[in-house]
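> Contents of my_file_30.txt (compact mmCIF, C-alpha atoms):
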# COMPACT_ATOMS: atom_id res chain seq x y z
CA MET A 30 11.69 -56.24 51.40
CA ALA A 31 10.30 -59.36 53.04
CA ALA A 32 8.75 -60.34 49.73
CA LEU A 33 12.22 -60.26 48.17
CA GLY A 34 13.44 -62.73 50.79
CA ARG A 35 10.49 -65.01 50.15
CA VAL A 36 11.07 -64.84 46.38
CA SER A 37 14.77 -65.59 46.79
CA ARG A 38 14.00 -68.60 48.98
CA LEU A 39 11.43 -69.74 46.44
CA LEU A 40 14.01 -69.48 43.65
CA LEU A 41 16.63 -71.34 45.66
CA GLY A 42 14.16 -73.94 46.99
CA ALA A 43 13.01 -74.84 43.50
CA ALA A 44 16.57 -75.64 42.48
CA ALA A 45 17.54 -79.21 41.58
CA PRO A 46 20.30 -80.91 43.60
CA ARG A 47 23.36 -78.78 43.11
CA SER A 48 26.31 -81.12 42.80
CA LEU A 49 25.72 -84.10 40.57
CA PRO A 50 28.53 -86.25 39.21
CA GLY A 51 29.18 -85.64 35.57
CA ARG A 52 27.71 -82.14 35.51
CA SER A 53 30.50 -80.25 33.88
CA MET A 54 28.89 -76.93 33.08
CA SER A 55 27.07 -76.65 36.37
CA ALA A 56 25.93 -73.58 38.22
CA ALA A 57 27.25 -75.03 41.46
CA ALA A 58 30.83 -74.18 40.51
CA HIS A 59 30.22 -70.42 40.83
CA GLU A 60 31.75 -68.82 43.85
CA ALA A 61 29.44 -66.91 46.18
CA GLY A 62 29.62 -63.11 45.73
CA GLY A 63 30.36 -63.35 42.01
CA ALA A 64 27.39 -61.11 41.33
CA ARG A 65 28.89 -58.46 43.59
CA LEU A 66 32.15 -58.49 41.62
CA TRP A 67 30.44 -58.10 38.24
CA LYS A 68 28.11 -55.43 39.59
CA LEU A 69 31.19 -53.54 40.73
CA LEU A 70 32.87 -54.00 37.35
CA THR A 71 29.71 -52.74 35.64
CA PHE A 72 29.47 -49.46 37.53
CA VAL A 73 33.19 -48.76 38.03
CA VAL A 74 34.73 -49.89 34.72
CA ALA A 75 32.22 -50.76 32.03
CA LEU A 76 29.69 -47.93 32.22
CA PRO A 77 32.27 -45.17 32.93
CA GLY A 78 34.23 -46.52 29.93
CA VAL A 79 31.14 -46.05 27.80
CA GLY A 80 30.73 -42.56 29.26
CA VAL A 81 34.29 -41.57 28.37
CA CYS A 82 33.81 -42.77 24.79
CA MET A 83 30.53 -40.86 24.58
CA LEU A 84 32.30 -37.70 25.69
CA ASN A 85 35.04 -38.30 23.15
CA CYS A 86 32.48 -38.66 20.35
CA TYR A 87 30.61 -35.55 21.44
CA LEU A 88 33.78 -33.46 21.45
CA LYS A 89 34.94 -34.78 18.07
CA ALA A 90 31.51 -34.10 16.56
CA GLN A 91 31.81 -30.44 17.45
CA GLN A 92 34.36 -29.98 14.64
CA GLU A 93 32.90 -29.35 11.16
CA HIS A 94 33.64 -32.09 8.64
CA GLU A 95 34.57 -30.98 5.13
CA ARG A 96 32.82 -32.88 2.36
CA PRO A 97 35.34 -34.25 -0.18
CA GLU A 98 35.19 -32.88 -3.72
CA PHE A 99 33.26 -35.03 -6.22
CA VAL A 100 35.48 -37.01 -8.61
CA PRO A 101 33.61 -39.43 -10.95
CA TYR A 102 35.82 -42.45 -10.21
CA ALA A 103 34.75 -45.56 -12.12
CA HIS A 104 35.23 -47.88 -9.14
CA LEU A 105 32.88 -45.86 -6.91
CA ARG A 106 29.10 -45.43 -7.03
CA ILE A 107 28.77 -48.64 -9.03
CA ARG A 108 25.37 -49.16 -10.64
CA THR A 109 25.52 -52.53 -12.41
CA LYS A 110 21.79 -53.03 -11.76
CA PRO A 111 19.19 -50.62 -10.40
CA PHE A 112 18.29 -51.03 -6.72
CA PRO A 113 14.85 -52.63 -6.21
CA TRP A 114 13.48 -49.51 -4.40
CA GLY A 115 12.69 -45.92 -5.26
CA ASP A 116 14.23 -44.75 -8.51
CA GLY A 117 16.83 -47.53 -8.31
CA ASN A 118 19.67 -45.05 -8.08
CA LYS A 119 20.01 -44.47 -4.33
CA THR A 120 21.53 -46.89 -1.82
CA LEU A 121 19.47 -48.01 1.16
CA PHE A 122 21.00 -45.50 3.60
CA HIS A 123 21.47 -42.72 1.05
CA ASN A 124 22.23 -39.37 2.66
CA PRO A 125 22.17 -36.49 0.14
CA HIS A 126 24.55 -34.41 2.27
CA VAL A 127 27.42 -36.90 2.24
CA ASN A 128 26.61 -39.43 -0.50
CA ALA A 129 27.04 -38.40 -4.12
CA LEU A 130 25.12 -40.02 -6.96
CA PRO A 131 27.07 -41.28 -9.97
CA THR A 132 26.50 -37.85 -11.50
CA GLY A 133 27.55 -35.85 -8.44
CA TYR A 134 26.15 -34.45 -5.22
CA GLU A 135 22.45 -33.71 -5.32
CA ASP A 136 22.54 -30.59 -3.20
CA ASP A 137 24.86 -27.58 -2.87
CA HIS A 138 25.90 -28.67 0.57
CA MET B 12 -0.83 -92.04 34.69
CA ALA B 13 1.85 -93.25 32.24
CA HIS B 14 5.52 -92.78 33.23
CA GLN B 15 8.42 -92.71 30.79
CA ALA B 16 11.35 -94.94 31.71
CA HIS B 17 13.95 -92.65 30.09
CA PRO B 18 15.08 -89.04 30.55
CA PHE B 19 14.53 -87.92 26.97
CA CYS B 20 11.89 -85.57 25.63
CA MET B 21 9.68 -87.44 23.13
CA LEU B 22 7.91 -84.69 21.20
CA ASN B 23 4.45 -84.97 19.77
CA PRO B 24 4.19 -84.34 16.02
CA ASN B 25 4.12 -80.61 15.45
CA PRO B 26 3.92 -78.38 12.36
CA TRP B 27 6.83 -76.06 13.09
CA PRO B 28 9.70 -77.81 11.29
CA ILE B 29 7.86 -78.11 7.99
CA SER B 30 6.34 -74.64 8.36
CA GLY B 31 9.78 -73.23 9.11
CA ALA B 32 11.14 -74.86 5.99
CA VAL B 33 8.32 -73.43 3.89
CA ALA B 34 8.86 -70.00 5.43
CA ALA B 35 12.59 -70.17 4.65
CA LEU B 36 11.87 -71.16 1.06
CA LEU B 37 9.34 -68.34 0.67
CA THR B 38 11.78 -65.82 2.14
CA THR B 39 14.77 -66.80 0.02
CA SER B 40 12.91 -67.16 -3.25
CA GLY B 41 10.91 -64.05 -2.34
CA LEU B 42 14.14 -62.10 -1.98
CA ALA B 43 15.26 -63.24 -5.44
CA MET B 44 11.86 -62.39 -6.89
CA TRP B 45 12.01 -58.92 -5.37
CA PHE B 46 15.43 -58.29 -6.88
CA HIS B 47 14.68 -59.61 -10.36
CA TYR B 48 10.92 -59.44 -10.93
CA ASN B 49 9.94 -56.42 -8.82
CA THR B 50 7.37 -58.35 -6.75
CA LEU B 51 7.29 -57.93 -2.97
CA GLN B 52 4.53 -60.35 -1.88
CA PRO B 53 6.44 -63.65 -1.60
CA LEU B 54 9.15 -61.96 0.47
CA ALA B 55 6.62 -60.29 2.76
CA LEU B 56 4.75 -63.57 3.17
CA GLY B 57 8.01 -65.41 3.85
CA LEU B 58 9.12 -62.98 6.54
CA ILE B 59 5.74 -62.95 8.26
CA SER B 60 5.49 -66.75 8.29
CA MET B 61 9.09 -66.99 9.54
CA ILE B 62 8.28 -64.73 12.50
CA LEU B 63 5.09 -66.69 13.22
CA VAL B 64 6.94 -70.03 13.18
CA MET B 65 9.66 -68.68 15.48
CA LEU B 66 7.19 -67.28 17.99
CA GLN B 67 5.11 -70.46 18.11
CA TRP B 68 7.97 -72.95 18.07
CA TRP B 69 9.88 -71.24 20.86
CA ARG B 70 6.65 -70.69 22.83
CA ASP B 71 6.14 -74.47 22.65
CA ILE B 72 9.69 -75.11 23.83
CA ILE B 73 9.09 -72.89 26.86
CA ARG B 74 5.87 -74.81 27.52
CA GLU B 75 7.67 -78.17 27.27
CA SER B 76 10.52 -77.08 29.55
CA THR B 77 9.38 -74.54 32.12
CA PHE B 78 5.79 -75.73 32.47
CA GLN B 79 5.97 -79.46 31.69
CA GLY B 80 9.46 -80.28 32.99
CA HIS B 81 10.68 -82.17 29.94
CA HIS B 82 14.13 -80.58 29.97
CA THR B 83 15.96 -83.10 32.14
CA LEU B 84 19.75 -82.98 32.43
CA PRO B 85 20.44 -85.16 29.36
CA VAL B 86 18.02 -83.04 27.34
CA GLN B 87 19.76 -79.90 28.56
CA LYS B 88 23.12 -81.39 27.62
CA GLY B 89 21.85 -81.96 24.10
CA LEU B 90 20.63 -78.38 23.91
CA ARG B 91 24.05 -77.14 25.03
CA TYR B 92 25.75 -79.14 22.29
CA GLY B 93 23.22 -77.77 19.83
CA MET B 94 23.79 -74.14 20.75
CA ILE B 95 27.57 -74.56 20.67
CA LEU B 96 27.41 -76.18 17.24
CA PHE B 97 25.09 -73.47 15.95
CA ILE B 98 27.35 -70.68 17.16
CA THR B 99 30.32 -72.50 15.61
CA SER B 100 28.53 -72.57 12.30
CA GLU B 101 27.93 -68.83 12.59
CA VAL B 102 31.63 -68.29 13.24
CA PHE B 103 32.34 -69.97 9.92
CA PHE B 104 29.70 -67.78 8.29
CA PHE B 105 31.57 -64.66 9.35
CA LEU B 106 34.91 -66.24 8.51
CA GLY B 107 33.86 -66.12 4.87
CA PHE B 108 33.27 -62.39 4.95
CA PHE B 109 36.54 -61.75 6.74
CA TRP B 110 38.22 -63.84 4.04
CA ALA B 111 36.60 -61.68 1.38
CA PHE B 112 37.78 -58.53 3.14
CA PHE B 113 41.39 -59.68 3.38
CA HIS B 114 41.35 -61.03 -0.19
CA SER B 115 40.55 -57.56 -1.49
CA SER B 116 42.45 -55.41 0.99
CA LEU B 117 45.80 -57.20 1.21
CA ALA B 118 46.44 -56.83 -2.52
CA PRO B 119 44.39 -53.86 -3.76
CA THR B 120 43.95 -53.91 -7.53
CA PRO B 121 44.91 -51.10 -9.94
CA GLU B 122 41.19 -50.34 -10.41
CA LEU B 123 41.12 -49.24 -6.77
CA GLY B 124 44.22 -47.10 -7.18
CA GLY B 125 46.52 -49.83 -5.88
CA GLN B 126 45.84 -48.80 -2.27
CA TRP B 127 43.60 -49.60 0.66
CA PRO B 128 41.35 -47.79 1.40
CA PRO B 129 40.80 -47.29 -2.32
CA THR B 130 41.24 -43.86 -3.91
CA GLY B 131 38.33 -41.57 -3.16
CA ILE B 132 37.18 -43.51 -0.09
CA LYS B 133 37.23 -41.61 3.19
CA PRO B 134 36.99 -44.30 5.89
CA MET B 135 35.31 -43.71 9.24
CA ASN B 136 37.56 -42.63 12.08
CA PRO B 137 37.87 -45.77 14.23
CA MET B 138 38.41 -43.61 17.32
CA GLU B 139 35.00 -41.99 17.18
CA VAL B 140 31.65 -43.84 17.15
CA PRO B 141 33.19 -47.27 16.36
CA LEU B 142 35.22 -46.99 19.56
CA LEU B 143 32.09 -46.06 21.50
CA ASN B 144 30.34 -49.09 19.99
CA THR B 145 33.21 -51.27 21.14
CA ALA B 146 32.90 -49.92 24.68
CA ILE B 147 29.13 -50.48 24.59
CA LEU B 148 29.42 -54.14 23.56
CA LEU B 149 32.20 -54.85 26.04
CA ALA B 150 30.14 -53.21 28.79
CA SER B 151 27.15 -55.34 27.82
CA GLY B 152 29.33 -58.42 28.19
CA VAL B 153 30.07 -57.34 31.76
CA THR B 154 26.40 -56.66 32.54
CA VAL B 155 25.23 -60.00 31.14
CA THR B 156 27.82 -61.75 33.30
CA TRP B 157 26.54 -59.79 36.30
CA ALA B 158 23.02 -60.96 35.36
CA HIS B 159 24.14 -64.59 35.14
CA HIS B 160 25.78 -64.53 38.57
CA SER B 161 22.70 -62.83 39.99
CA ILE B 162 20.46 -65.57 38.60
CA THR B 163 22.74 -68.27 40.04
CA GLU B 164 22.70 -66.60 43.46
CA GLY B 165 18.94 -66.09 43.42
CA ALA B 166 19.25 -62.32 43.46
CA ARG B 167 16.13 -61.50 41.46
CA LYS B 168 16.15 -57.72 41.58
CA GLN B 169 19.84 -57.53 40.60
CA ALA B 170 19.34 -60.01 37.79
CA ILE B 171 16.51 -57.96 36.32
CA GLN B 172 18.55 -54.79 36.69
CA ALA B 173 21.62 -56.32 35.02
CA LEU B 174 19.75 -57.95 32.15
CA SER B 175 17.76 -54.74 31.52
CA LEU B 176 21.04 -52.82 31.31
CA THR B 177 22.34 -55.39 28.83
CA VAL B 178 19.28 -54.99 26.60
CA LEU B 179 19.54 -51.20 26.83
CA LEU B 180 23.20 -51.26 25.83
CA GLY B 181 22.28 -53.45 22.88
CA ALA B 182 19.63 -50.94 21.82
CA TYR B 183 22.16 -48.11 22.13
CA PHE B 184 24.57 -50.00 19.85
CA LYS B 185 21.85 -50.57 17.26
CA ALA B 186 20.82 -46.94 17.28
CA LEU B 187 24.41 -45.74 16.88
CA GLN B 188 25.12 -48.16 14.04
CA ALA B 189 21.98 -47.07 12.20
CA MET B 190 23.09 -43.47 12.53
CA GLU B 191 26.60 -44.40 11.35
CA TYR B 192 25.13 -46.14 8.30
CA TYR B 193 23.18 -43.01 7.41
CA GLU B 194 26.09 -40.62 8.01
CA ALA B 195 28.71 -42.72 6.20
CA PRO B 196 30.43 -40.87 3.35
CA PHE B 197 30.71 -44.15 1.42
CA SER B 198 28.00 -46.64 0.44
CA ILE B 199 27.76 -50.35 -0.37
CA ALA B 200 28.16 -49.46 -4.03
CA ASP B 201 31.52 -47.81 -3.50
CA SER B 202 33.91 -50.46 -4.81
CA VAL B 203 34.73 -53.66 -2.98
CA TYR B 204 35.51 -51.50 0.09
CA GLY B 205 31.83 -50.64 0.45
CA SER B 206 30.77 -54.19 -0.33
CA THR B 207 32.99 -55.83 2.28
CA PHE B 208 32.31 -53.12 4.87
CA PHE B 209 28.52 -53.16 4.68
CA ILE B 210 28.10 -56.91 4.20
CA ALA B 211 30.33 -57.74 7.17
CA THR B 212 29.00 -55.02 9.50
CA GLY B 213 25.47 -55.48 8.17
CA PHE B 214 25.32 -59.17 9.00
CA HIS B 215 26.88 -58.36 12.35
CA GLY B 216 24.14 -55.80 12.97
CA LEU B 217 21.53 -58.42 12.07
CA HIS B 218 23.09 -60.71 14.67
CA VAL B 219 22.99 -57.90 17.24
CA ILE B 220 19.26 -57.57 16.55
CA ILE B 221 18.82 -61.35 16.93
CA GLY B 222 20.96 -61.49 20.07
CA SER B 223 19.28 -58.56 21.81
CA SER B 224 15.84 -59.94 20.92
CA PHE B 225 16.87 -63.25 22.52
CA LEU B 226 18.06 -61.35 25.63
CA LEU B 227 14.81 -59.37 25.75
CA ILE B 228 12.80 -62.61 25.72
CA CYS B 229 15.04 -63.86 28.55
CA LEU B 230 14.34 -60.65 30.49
CA LEU B 231 10.59 -61.18 30.13
CA ARG B 232 10.98 -64.81 31.23
CA LEU B 233 13.17 -63.76 34.15
CA ILE B 234 10.51 -61.30 35.31
CA ASN B 235 7.93 -64.09 35.04
CA PHE B 236 9.92 -66.48 37.27
CA HIS B 237 10.82 -68.96 34.52
CA PHE B 238 14.45 -69.36 35.67
CA THR B 239 15.86 -71.08 38.75
CA PRO B 240 19.39 -70.64 40.11
CA ASN B 241 20.29 -74.10 38.78
CA HIS B 242 18.25 -74.29 35.60
CA HIS B 243 18.27 -71.33 33.23
CA PHE B 244 19.71 -72.67 30.01
CA GLY B 245 17.67 -70.31 27.82
CA PHE B 246 19.48 -67.44 29.49
CA GLU B 247 22.87 -69.16 29.16
CA ALA B 248 22.28 -69.73 25.46
CA ALA B 249 21.38 -66.06 25.01
CA ALA B 250 24.47 -64.99 26.93
CA TRP B 251 26.72 -67.28 24.87
CA TYR B 252 25.21 -65.85 21.66
CA TRP B 253 25.69 -62.31 22.92
CA HIS B 254 29.36 -62.95 23.76
CA PHE B 255 29.79 -64.39 20.26
CA VAL B 256 28.28 -61.19 18.77
CA ASP B 257 30.69 -59.14 20.89
CA VAL B 258 33.71 -61.17 19.73
CA ILE B 259 32.69 -60.80 16.07
CA TRP B 260 32.48 -57.04 16.60
CA LEU B 261 35.95 -56.98 18.16
CA PHE B 262 37.36 -58.71 15.08
CA LEU B 263 35.40 -56.36 12.79
CA TYR B 264 36.69 -53.37 14.68
CA MET B 265 40.32 -54.46 14.66
CA THR B 266 40.41 -55.56 11.01
CA ILE B 267 37.93 -53.53 8.96
CA TYR B 268 37.58 -50.37 11.03
CA TRP B 269 41.11 -49.99 12.37
CA TRP B 270 43.62 -51.89 10.21
CA GLY B 271 41.50 -51.23 7.12
CA SER B 272 41.63 -47.47 7.52
What is this file in structure tokens?

Amino acid sequence: MAALGRVSRLLLGAAAPRSLPGRSMSAAAHEAGGARLWKLLTFVVALPGVGVCMLNCYLKAQQEHERPEFVPYAHLRIRTKPFPWGDGNKTLFHNPHVNALPTGYEDDH
Amino acid sequence: MAHQAHPFCMLNPNPWPISGAVAALLTTSGLAMWFHYNTLQPLALGLISMILVMLQWWRDIIRESTFQGHHTLPVQKGLRYGMILFITSEVFFFLGFFWAFFHSSLAPTPELGGQWPPTGIKPMNPMEVPLLNTAILLASGVTVTWAHHSITEGARKQAIQALSLTVLLGAYFKALQAMEYYEAPFSIADSVYGSTFFIATGFHGLHVIIGSSFLLICLLRLINFHFTPNHHFGFEAAAWYWHFVDVIWLFLYMTIYWWGS
């Protein structure tokens, strides 16, 4: 606890003169207690907001998603040139459950 | 002992600029060689040398500033201009990809079924994980501001807490996006929809990785007493960059994720 005080004084003591003419983007313009405001905003607004969105995602993920039927559209699953990895036919984040190859889904489901 | 009669930082000759240029050349030509000639070595060499140059160049900058005191106010002013100009150039970089997205989506061609999203594309629900990602980045903007005020007020423990939270939120975003990429029902090869989606969000993700790495370095420096309440430009630059990344996401979310669905 006392060490914290000493460290704070060290940090403040090492500071250059605060108000210099011509310093436009200076730290001296900040009002005291600004940290308290943003700490409050963090724990009362920002993090609870994230929590609410997390809950929303969790609830929505509970419902089963139907995989769309495979239709060999010409504008999808374009393979102008093989990919430089693997067999050249799978995209970088290929997921066999939801991504079909140009010839169709690899698995039954 | 010699004294300089001016406030500017006169650097000694150092190998990083030329090495960085060589690394960039190796990386770019290595990428092309990987795509067309199935050889991975130049790319690997390029990426490794790029990381080495970055680590050593920025280590030297920390030595020149924190330990040798060369970053006087005029020098800092120059660095501020530099960071602002760099971020501006990155804004224009993303502008191009937004242009591409609107070019294709405002007037969808017959090949796509004359509609946007194109026929057969099932877009992601913007109210699920993308919304969570938006909340995460906005929250991280709040925590980084808390960190900045804490640094200015000399509140060390709070600053470390706030900056750690910011880095954690960034990691959470990256993890969620990676999962989204894997679970997406469409890929980059699925018409111009896939191209614009993954190029725009992909480059954004790369910038999230860059930005959170920058913040992590700042956290380590903060813990090691590098910053003072009046002089912490490295942190400010990281915070500016992070806000820029957040703003880009907001535009991505509103245009590609929401309007584009």
> Between CA of Lys88 in chain B and CA of Ile29 in chain B, measure the distance and give it in Å to one decimal.
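For CA of Lys88 in chain B relative to CA of Ile29 in chain B, the distance reads 25.1 Å.
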> Per residue of chain B within 7 Å of chain A, note the shortest atom pair and the distance in Å to one decimal, counting only C-alpha atoms, and order the rows by chain and increasing residue number, as a Markdown table.

| residue | atom | partner | partner_atom | distance |
| --- | --- | --- | --- | --- |
| B:Trp45 | CA | A:Pro113 | CA | 7.0 |
| B:Phe46 | CA | A:Pro113 | CA | 5.7 |
| B:Asn49 | CA | A:Pro113 | CA | 6.7 |
| B:Glu122 | CA | A:His104 | CA | 6.6 |
| B:Leu123 | CA | A:His104 | CA | 6.5 |
| B:Glu139 | CA | A:Cys86 | CA | 5.2 |
| B:Val140 | CA | A:Cys86 | CA | 6.1 |
| B:Leu142 | CA | A:Cys82 | CA | 6.9 |
| B:Leu143 | CA | A:Cys82 | CA | 5.0 |
| B:Ala146 | CA | A:Val79 | CA | 5.3 |
| B:Ile147 | CA | A:Val79 | CA | 5.8 |
| B:Ala150 | CA | A:Ala75 | CA | 4.6 |
| B:Val153 | CA | A:Thr71 | CA | 6.0 |
| B:Thr154 | CA | A:Thr71 | CA | 6.0 |
| B:Thr156 | CA | A:Trp67 | CA | 6.7 |
| B:Trp157 | CA | A:Trp67 | CA | 4.7 |
| B:His160 | CA | A:Ala64 | CA | 4.7 |
| B:Ser161 | CA | A:Ala64 | CA | 5.2 |
| B:Thr163 | CA | A:Ala56 | CA | 6.5 |
| B:Gly165 | CA | A:Ser37 | CA | 5.4 |
| B:Ala166 | CA | A:Ser37 | CA | 6.5 |
| B:Arg167 | CA | A:Ser37 | CA | 6.9 |
| B:Tyr192 | CA | A:Phe122 | CA | 6.3 |
| B:Tyr193 | CA | A:Phe122 | CA | 5.0 |
| B:Glu194 | CA | A:Asn124 | CA | 6.7 |
| B:Pro196 | CA | A:Val127 | CA | 5.1 |
| B:Phe197 | CA | A:Asn128 | CA | 6.5 |
| B:Ser198 | CA | A:Thr120 | CA | 6.9 |
| B:Ala200 | CA | A:Ile107 | CA | 5.1 |
| B:Asp201 | CA | A:Leu105 | CA | 4.2 |
| B:Ser202 | CA | A:Leu105 | CA | 5.2 |
| B:Thr239 | CA | A:Leu40 | CA | 5.5 |
| B:Pro240 | CA | A:Ala44 | CA | 6.2 |
| B:Asn241 | CA | A:Ala44 | CA | 5.5 |
> Figure out the distance between CA of Pro141 in chain B and CA of Glu191 in chain B, please, to one decimal in Å.
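If I compute the distance from CA of Glu191 in chain B to CA of Pro141 in chain B, I get 8.8 Å.
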> Could you pull the residues within 12 Å of Gly80 in chain B, counting all atoms listed in the file, minus those fewer than 4 positions along the same chain, as a list in words?
Ala45 of chain A; Pro18, Phe19, Cys20, Ile72, Ile73, Arg74, Glu75, Ser76, Leu84, Val86, Gln87, His237 and His242 of chain B
> Can you pull out every residue within 10 Å of Gly31 in chain B, counting all atoms listed in the file, but drop anything in the same chain fewer than 6 positions away, and send it as an MDAnalysis selection string?
chainID B and resid 37 57 60:65 68
> Put those residues in a file: C-alpha atoms, as a short mmCIF file (atom, residue, chain, number, x, y, z; two decimals), in the frame of the given file.

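part-v8.cif written:
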data_model
loop_
_atom_site.label_atom_id
_atom_site.label_comp_id
_atom_site.auth_asym_id
_atom_site.auth_seq_id
_atom_site.Cartn_x
_atom_site.Cartn_y
_atom_site.Cartn_z
CA LEU B 37 9.34 -68.34 0.67
CA GLY B 57 8.01 -65.41 3.85
CA SER B 60 5.49 -66.75 8.29
CA MET B 61 9.09 -66.99 9.54
CA ILE B 62 8.28 -64.73 12.50
CA LEU B 63 5.09 -66.69 13.22
CA VAL B 64 6.94 -70.03 13.18
CA MET B 65 9.66 -68.68 15.48
CA TRP B 68 7.97 -72.95 18.07
#
> Around all listed atoms of range 131-138 of chain A, padded 4 Å per side, what centre and edge lengths does the axis-aligned box have in Å to one decimal, as JSON?

{"center_x": 25.0, "center_y": -34.4, "center_z": -5.5, "size_x": 13.1, "size_y": 21.7, "size_z": 20.1}
> One decimal, in Å: what's the spacing between CA of His254 in chain B and CA of Gly152 in chain B?
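Computing it gives 6.3 Å between the two atoms.
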> Which residue, B:Thr83, B:His218, B:Phe262, B:Leu90, has the smallest gap to Glu247 in chain B when you use all atoms listed in the file?
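Closest to Glu247 in chain B of all the choices is B:Leu90.
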> Using all atoms listed in the file, which protein or nucleic acid residues come within 6 Å of range 133-137 of chain B? Drop anything in the same chain fewer than 5 positions from it, and give the result as a list in words.
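Counting all atoms listed in the file, the residues come to Tyr268, Trp269 and Ser272 of chain B.
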> Using all atoms listed in the file for the distances, tell me which of B:Trp251, B:Trp127, B:Phe208, B:Trp270 is nearest to Ala111 in chain B.
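Closest residue, counting all atoms listed in the file: B:Phe208.
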> Generate N, CA and C atoms for range 149-161 of chain B and emit them as a PDB file, keeping the file's coordinate frame.

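Writing done, so here's rebuild29.pdb:
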ATOM      1  N   LEU B 149      31.407 -54.290  24.945  1.00  0.00           N
ATOM      2  CA  LEU B 149      32.200 -54.850  26.040  1.00  0.00           C
ATOM      3  C   LEU B 149      31.464 -54.663  27.369  1.00  0.00           C
ATOM      4  N   ALA B 150      30.896 -53.467  27.558  1.00  0.00           N
ATOM      5  CA  ALA B 150      30.140 -53.210  28.790  1.00  0.00           C
ATOM      6  C   ALA B 150      28.962 -54.175  28.902  1.00  0.00           C
ATOM      7  N   SER B 151      28.304 -54.437  27.777  1.00  0.00           N
ATOM      8  CA  SER B 151      27.150 -55.340  27.820  1.00  0.00           C
ATOM      9  C   SER B 151      27.583 -56.752  28.149  1.00  0.00           C
ATOM     10  N   GLY B 152      28.806 -57.119  27.798  1.00  0.00           N
ATOM     11  CA  GLY B 152      29.330 -58.420  28.190  1.00  0.00           C
ATOM     12  C   GLY B 152      29.521 -58.508  29.698  1.00  0.00           C
ATOM     13  N   VAL B 153      29.924 -57.385  30.302  1.00  0.00           N
ATOM     14  CA  VAL B 153      30.070 -57.340  31.760  1.00  0.00           C
ATOM     15  C   VAL B 153      28.699 -57.425  32.424  1.00  0.00           C
ATOM     16  N   THR B 154      27.719 -56.660  31.903  1.00  0.00           N
ATOM     17  CA  THR B 154      26.400 -56.660  32.540  1.00  0.00           C
ATOM     18  C   THR B 154      25.701 -58.007  32.401  1.00  0.00           C
ATOM     19  N   VAL B 155      25.896 -58.695  31.291  1.00  0.00           N
ATOM     20  CA  VAL B 155      25.230 -60.000  31.140  1.00  0.00           C
ATOM     21  C   VAL B 155      25.867 -61.025  32.067  1.00  0.00           C
ATOM     22  N   THR B 156      27.163 -60.867  32.339  1.00  0.00           N
ATOM     23  CA  THR B 156      27.820 -61.750  33.300  1.00  0.00           C
ATOM     24  C   THR B 156      27.311 -61.460  34.715  1.00  0.00           C
ATOM     25  N   TRP B 157      27.139 -60.165  35.010  1.00  0.00           N
ATOM     26  CA  TRP B 157      26.540 -59.790  36.300  1.00  0.00           C
ATOM     27  C   TRP B 157      25.148 -60.438  36.420  1.00  0.00           C
ATOM     28  N   ALA B 158      24.371 -60.375  35.337  1.00  0.00           N
ATOM     29  CA  ALA B 158      23.020 -60.960  35.360  1.00  0.00           C
ATOM     30  C   ALA B 158      23.094 -62.461  35.627  1.00  0.00           C
ATOM     31  N   HIS B 159      24.034 -63.143  34.965  1.00  0.00           N
ATOM     32  CA  HIS B 159      24.140 -64.590  35.140  1.00  0.00           C
ATOM     33  C   HIS B 159      24.451 -64.948  36.597  1.00  0.00           C
ATOM     34  N   HIS B 160      25.440 -64.254  37.177  1.00  0.00           N
ATOM     35  CA  HIS B 160      25.780 -64.530  38.570  1.00  0.00           C
ATOM     36  C   HIS B 160      24.602 -64.235  39.485  1.00  0.00           C
ATOM     37  N   SER B 161      23.866 -63.162  39.164  1.00  0.00           N
ATOM     38  CA  SER B 161      22.700 -62.830  39.990  1.00  0.00           C
ATOM     39  C   SER B 161      21.662 -63.930  39.929  1.00  0.00           C
TER      40      SER B 161
END
